[in-house]
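Here is the structure we will look at, set down as structure tokens.
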Amino acid sequence: MSLQLFLLVAAGLFAIGLYGALSQQSIVMLMMGLELMLNGIILAAAALWYFLTPAGNDGPVLIVVVLTAMAIEMAAGFAVVTAIYRSRQVDVTDSAADLRG
């Protein structure tokens, strides 16, 4: 496997996530698109660290920290979406725009 292949897969993940984030009305699908974009960035960073400095341990540690933070962020985001849905029966971004205060 080469660096170019990993970067191509990462660019594909990012592109699919960008399309999903920009084209969907559902809040959950929007969050899934953002998750795919972040996974593409993490895959590119991991591949670069592996191929450029294979002996260093800084890259994998940072990736684990970022993945943990991303999981916590998504859990909090889904909790907010669940609370909005339960209180107002709103599951699309256009209907949730009136929640700004």
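Going by the structure tokens order, chains are called A, B, ..., each with residues numbered from 1, while ligands are numbered from 1 in the order shown.
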Restrict the calculation to only C-alpha atoms, then for each residue of stretch 5-30 of chain A with any atom at most 12 Å from an atom of stretch 58-76 of chain A give the closest atom pair and their distance in Å to one decimal, rows by chain and rising residue number, as JSON lines.
```
{"residue": "A:Ile27", "atom": "CA", "partner": "A:Met74", "partner_atom": "CA", "distance": 11.8}
{"residue": "A:Val28", "atom": "CA", "partner": "A:Met74", "partner_atom": "CA", "distance": 10.1}
{"residue": "A:Leu30", "atom": "CA", "partner": "A:Met74", "partner_atom": "CA", "distance": 11.4}
```
Dump C-alpha atoms for the selected residues as a short mmCIF file (atom, residue, chain, number, x, y, z; two decimals), in the first residue's frame?
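Saved as out27.cif:
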```
data_model
loop_
_atom_site.label_atom_id
_atom_site.label_comp_id
_atom_site.auth_asym_id
_atom_site.auth_seq_id
_atom_site.Cartn_x
_atom_site.Cartn_y
_atom_site.Cartn_z
CA ILE A 27 -29.62 16.83 11.43
CA VAL A 28 -28.46 13.24 11.93
CA LEU A 30 -25.57 16.28 8.57
#
```
Just the residues within 10 Å of A:Leu48, please, counting only C-alpha atoms, with nothing from its chain fewer than 2 positions along; format it as a list in words. Leu3, Gln4, Phe6, Leu7, Ile42, Leu43, Ala44, Ala45, Ala46, Tyr50, Phe51, Leu52, Thr53, Pro54 and Gly59 of chain A
Report the distance between atom CA of A:Gln89 and atom CA of A:Ser23 in Å, rounded to one decimal place. 21.3 Å
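Taking atom CA of A:Leu5 and atom CA of A:Met29 as endpoints, the distance between them is 27.0 Å.
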Could you write out, as a PyMOL selection string, all the residues of chain A that DSSP marks as alpha helix (DSSP H)? chain A and resi 3-23+27-52+58-88
If you count only C-alpha atoms, which residues fall within 10 Å of A:Leu34, apart from same-chain ones fewer than 5 positions away, as JSON, numbers by chain? {"A": [14, 16, 17, 18, 19, 20, 21, 22, 28, 29, 39, 40, 74]}
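In terms of minimum interatomic distance to A:Leu36, A:Ala15 ranks closest within A:Ala55, A:Ala15, A:Met1, A:Gln24, counting only C-alpha atoms.
We find atom CA of A:Tyr85 and atom CA of A:Glu35 to be spaced 20.6 Å apart.
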